[in-house]
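The next block holds one structure in the form of structure tokens; read it before the comments.
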Amino acid sequence: MFLKLDNLKVYFPVSSGFLFKKKFDVVKAVDGVDLEIQKGEILGLVGESGCGKSTLSRSIMQLIPSTEGQVFLEEKNLTSLSENEIRTKRVDFQMIFQDPYASLNPRMTIFTTLAEAVRTRHPSTKGDELTQRVSQLMKRVGLEPRYMRKYPHEFSGGQRQRIAIARALAPEPKLIIADEPVSALDVSIQSQILNLLKTLRQDLDLTMIFISHDLSVVRYIADRIAVMHEGKIVEIGKAQQLFQNPQHPYTQKLLAAVPHVAFT
């Protein structure tokens, strides 16, 4: 199994009081999630805002510590690693965030941003070789290499998301977690980014978790869909089967709200 989550829980304490804070409850953001993902698969993770999708993704990335449970990547227990070991291992799993402008350093050119990411996997790369790698990354995501000396504010929203995707690809990861990567984009640009991600999965044999509240988007890109509600996975299955025959009442509720949009 490529990625496995075993009874993963992320609880946040709720406190009261100003000077003497007293814990009186917990928010169960992720509450006992078991999940298995095959290599080369795109798993869609859907649910309403606040259901725990983003917390789950950050827990897989080891950006948020889990309260209980384990995360295995290629049989390596990520939850047992030290902070330094995680930093080293993180080249194997990268994240694409919802807002590319917020996730890109406005003071760094695109070349510097991508070069820094390339050197996390290949620290000795420099000079013409580094420039060539950055150029190839930009071409792969549909950007002109001649723009590599520009800054993030000089690009459109769709172009910035392509830059964010290129940065995620730069360390040559095995797993990419895309957290609402198209929700801030116009519908026409959404389609372009979704097609790009599908092509990259095919070309690079990537494994991906694609997170969204929009089932119609996830249906287009995912092999399987996991439905999350109140911190739990309430239903999981092949995308087409889940749309045709949803079993859980919450999944049925989500599907009833899906607008019929066809992507081409």
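Chain labels A, B, ... are given in the sequence in which chains occur in the structure tokens; within each chain residues are numbered consecutively from 1, and ligands are likewise numbered from 1 in the order shown.
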Just asking: which residues within segment 140-207 of chain A are alpha helix (DSSP H) according to DSSP, as a ChimeraX atom specification?
/A:140,157-169,187-204
Please dump the current selection as a JSON list (two decimals), in the first residue's frame; keep N, CA and C atoms.
[["chain", "number", "residue", "atom", "x", "y", "z"],
["A", 140, "ARG", "N", 6.59, 22.42, -18.46],
["A", 140, "ARG", "CA", 5.71, 21.29, -18.11],
["A", 140, "ARG", "C", 4.35, 21.76, -17.63],
["A", 157, "GLY", "N", -4.12, 34.83, -11.77],
["A", 157, "GLY", "CA", -4.39, 33.80, -10.78],
["A", 157, "GLY", "C", -4.12, 32.39, -11.30],
["A", 158, "GLY", "N", -4.55, 32.13, -12.52],
["A", 158, "GLY", "CA", -4.31, 30.81, -13.11],
["A", 158, "GLY", "C", -2.84, 30.54, -13.32],
["A", 159, "GLN", "N", -2.08, 31.56, -13.75],
["A", 159, "GLN", "CA", -0.64, 31.39, -13.94],
["A", 159, "GLN", "C", 0.06, 31.16, -12.61],
["A", 160, "ARG", "N", -0.39, 31.87, -11.57],
["A", 160, "ARG", "CA", 0.23, 31.67, -10.25],
["A", 160, "ARG", "C", -0.02, 30.24, -9.74],
["A", 161, "GLN", "N", -1.21, 29.71, -10.03],
["A", 161, "GLN", "CA", -1.46, 28.34, -9.60],
["A", 161, "GLN", "C", -0.57, 27.36, -10.37],
["A", 162, "ARG", "N", -0.29, 27.65, -11.63],
["A", 162, "ARG", "CA", 0.65, 26.82, -12.40],
["A", 162, "ARG", "C", 2.05, 26.89, -11.78],
["A", 163, "ILE", "N", 2.43, 28.07, -11.32],
["A", 163, "ILE", "CA", 3.72, 28.22, -10.65],
["A", 163, "ILE", "C", 3.75, 27.38, -9.36],
["A", 164, "ALA", "N", 2.64, 27.43, -8.61],
["A", 164, "ALA", "CA", 2.55, 26.65, -7.37],
["A", 164, "ALA", "C", 2.64, 25.15, -7.67],
["A", 165, "ILE", "N", 2.03, 24.73, -8.77],
["A", 165, "ILE", "CA", 2.11, 23.31, -9.16],
["A", 165, "ILE", "C", 3.55, 22.96, -9.55],
["A", 166, "ALA", "N", 4.21, 23.85, -10.29],
["A", 166, "ALA", "CA", 5.60, 23.62, -10.67],
["A", 166, "ALA", "C", 6.48, 23.51, -9.43],
["A", 167, "ARG", "N", 6.22, 24.36, -8.44],
["A", 167, "ARG", "CA", 7.01, 24.29, -7.20],
["A", 167, "ARG", "C", 6.79, 22.96, -6.48],
["A", 168, "ALA", "N", 5.55, 22.48, -6.48],
["A", 168, "ALA", "CA", 5.27, 21.19, -5.85],
["A", 168, "ALA", "C", 5.96, 20.05, -6.60],
["A", 169, "LEU", "N", 6.07, 20.17, -7.92],
["A", 169, "LEU", "CA", 6.71, 19.12, -8.73],
["A", 169, "LEU", "C", 8.24, 19.16, -8.64],
["A", 187, "VAL", "N", -14.13, 29.54, -13.78],
["A", 187, "VAL", "CA", -14.49, 28.20, -14.26],
["A", 187, "VAL", "C", -13.63, 27.77, -15.45],
["A", 188, "SER", "N", -13.38, 28.68, -16.39],
["A", 188, "SER", "CA", -12.58, 28.32, -17.57],
["A", 188, "SER", "C", -11.15, 27.98, -17.19],
["A", 189, "ILE", "N", -10.61, 28.69, -16.19],
["A", 189, "ILE", "CA", -9.25, 28.43, -15.72],
["A", 189, "ILE", "C", -9.22, 27.14, -14.90],
["A", 190, "GLN", "N", -10.30, 26.88, -14.15],
["A", 190, "GLN", "CA", -10.41, 25.63, -13.40],
["A", 190, "GLN", "C", -10.21, 24.44, -14.32],
["A", 191, "SER", "N", -10.88, 24.46, -15.45],
["A", 191, "SER", "CA", -10.79, 23.36, -16.40],
["A", 191, "SER", "C", -9.36, 23.15, -16.88],
["A", 192, "GLN", "N", -8.65, 24.23, -17.15],
["A", 192, "GLN", "CA", -7.26, 24.14, -17.60],
["A", 192, "GLN", "C", -6.38, 23.51, -16.54],
["A", 193, "ILE", "N", -6.55, 23.93, -15.28],
["A", 193, "ILE", "CA", -5.72, 23.40, -14.19],
["A", 193, "ILE", "C", -6.04, 21.93, -13.93],
["A", 194, "LEU", "N", -7.33, 21.57, -14.00],
["A", 194, "LEU", "CA", -7.71, 20.16, -13.81],
["A", 194, "LEU", "C", -7.11, 19.29, -14.90],
["A", 195, "ASN", "N", -7.16, 19.75, -16.14],
["A", 195, "ASN", "CA", -6.57, 18.99, -17.24],
["A", 195, "ASN", "C", -5.05, 18.87, -17.07],
["A", 196, "LEU", "N", -4.43, 19.94, -16.60],
["A", 196, "LEU", "CA", -2.99, 19.91, -16.34],
["A", 196, "LEU", "C", -2.65, 18.85, -15.29],
["A", 197, "LEU", "N", -3.40, 18.82, -14.19],
["A", 197, "LEU", "CA", -3.13, 17.85, -13.12],
["A", 197, "LEU", "C", -3.32, 16.42, -13.61],
["A", 198, "LYS", "N", -4.35, 16.20, -14.43],
["A", 198, "LYS", "CA", -4.57, 14.86, -14.99],
["A", 198, "LYS", "C", -3.41, 14.44, -15.89],
["A", 199, "THR", "N", -2.92, 15.37, -16.70],
["A", 199, "THR", "CA", -1.79, 15.07, -17.58],
["A", 199, "THR", "C", -0.53, 14.78, -16.78],
["A", 200, "LEU", "N", -0.29, 15.56, -15.74],
["A", 200, "LEU", "CA", 0.89, 15.36, -14.90],
["A", 200, "LEU", "C", 0.84, 14.01, -14.19],
["A", 201, "ARG", "N", -0.34, 13.64, -13.72],
["A", 201, "ARG", "CA", -0.48, 12.32, -13.07],
["A", 201, "ARG", "C", -0.09, 11.22, -14.04],
["A", 202, "GLN", "N", -0.55, 11.34, -15.29],
["A", 202, "GLN", "CA", -0.26, 10.33, -16.31],
["A", 202, "GLN", "C", 1.22, 10.30, -16.67],
["A", 203, "ASP", "N", 1.79, 11.48, -16.88],
["A", 203, "ASP", "CA", 3.18, 11.57, -17.33],
["A", 203, "ASP", "C", 4.19, 11.20, -16.26],
["A", 204, "LEU", "N", 3.88, 11.56, -15.00],
["A", 204, "LEU", "CA", 4.86, 11.41, -13.91],
["A", 204, "LEU", "C", 4.49, 10.29, -12.93]]
Subject >> Test item: residues at most 6 Å from Ile42 of chain A, only C-alpha atoms, excluding those fewer than 5 positions along its chain, as a PyMOL selection string >> reply: chain A and resi 207-209+222-223
How about saving the chosen residues, C-alpha atoms kept, as an mmCIF file, in the first residue's frame?
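In the end it all went to part16.cif:
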data_model
loop_
_atom_site.group_PDB
_atom_site.id
_atom_site.type_symbol
_atom_site.label_atom_id
_atom_site.label_comp_id
_atom_site.auth_asym_id
_atom_site.auth_seq_id
_atom_site.Cartn_x
_atom_site.Cartn_y
_atom_site.Cartn_z
ATOM 1 C CA THR A 207 -0.253 9.800 -6.527
ATOM 2 C CA MET A 208 -2.596 12.594 -5.507
ATOM 3 C CA ILE A 209 -5.173 13.551 -2.897
ATOM 4 C CA ALA A 222 -10.618 11.456 -9.230
ATOM 5 C CA ASP A 223 -10.460 7.665 -9.538
#
If you count only C-alpha atoms, which residues fall within 9 Å of Val30 of chain A, apart from same-chain ones fewer than 3 positions away, as a CSV table (one decimal) with C-alpha atoms, in the first residue's frame?
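Written file, part_15.csv:
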chain,number,residue,atom,x,y,z
A,8,LEU,CA,-5.9,9.0,12.5
A,9,LYS,CA,-7.3,11.6,15.0
A,10,VAL,CA,-6.6,15.3,15.4
A,11,TYR,CA,-8.3,16.9,18.4
A,27,VAL,CA,-13.0,19.8,18.7
A,33,VAL,CA,-9.9,8.1,9.8
A,51,CYS,CA,-15.7,18.9,8.0
A,52,GLY,CA,-11.9,18.3,8.6
A,53,LYS,CA,-10.6,18.0,5.0
A,55,THR,CA,-6.9,19.4,8.8
A,56,LEU,CA,-6.6,15.8,7.6
A,66,SER,CA,-1.9,13.9,15.2
A,230,GLU,CA,-17.7,15.8,11.0
A,231,GLY,CA,-14.1,14.5,11.0
A,232,LYS,CA,-15.0,11.0,9.7
- Message: Please list as a PyMOL selection string every residue within 12 Å of Ser80 of chain A, counting only C-alpha atoms and excluding residues in the same chain fewer than 6 positions away.
- Response: chain A and resi 62+65-66+68-73+86
Write out, as an mmCIF file, in the first residue's frame, the residues just selected, with C-alpha atoms.
data_model
loop_
_atom_site.group_PDB
_atom_site.id
_atom_site.type_symbol
_atom_site.label_atom_id
_atom_site.label_comp_id
_atom_site.auth_asym_id
_atom_site.auth_seq_id
_atom_site.Cartn_x
_atom_site.Cartn_y
_atom_site.Cartn_z
ATOM 1 C CA GLN A 62 2.960 16.362 9.292
ATOM 2 C CA PRO A 65 0.607 16.712 14.868
ATOM 3 C CA SER A 66 -1.919 13.909 15.168
ATOM 4 C CA GLU A 68 -3.637 9.525 17.800
ATOM 5 C CA GLY A 69 -3.099 7.130 14.910
ATOM 6 C CA GLN A 70 -0.440 6.687 12.251
ATOM 7 C CA VAL A 71 0.406 7.767 8.707
ATOM 8 C CA PHE A 72 2.390 5.344 6.551
ATOM 9 C CA LEU A 73 4.001 6.388 3.252
ATOM 10 C CA ILE A 86 10.291 14.834 8.529
#
Q | segment 251-253 of chain A environment, 12 Å, only C-alpha atoms, sequence neighbours closer than 3 positions dropped, as a PyMOL selection string | A | chain A and resi 45-48+213+215+225-229+233-237+242-248+256-258
Report as CSV: every residue of segment 78-192 of chain A with an atom at most 12 Å from segment 38-41 of chain A, its closest pair of atoms, and their distance in Å to one decimal, counting only C-alpha atoms, with rows sorted by chain and ascending residue number.
residue,atom,partner,partner_atom,distance
A:Lys174,CA,A:Lys39,CA,8.5
A:Leu175,CA,A:Lys39,CA,8.7
A:Ile176,CA,A:Gly40,CA,10.7
A:Ile177,CA,A:Glu41,CA,11.9
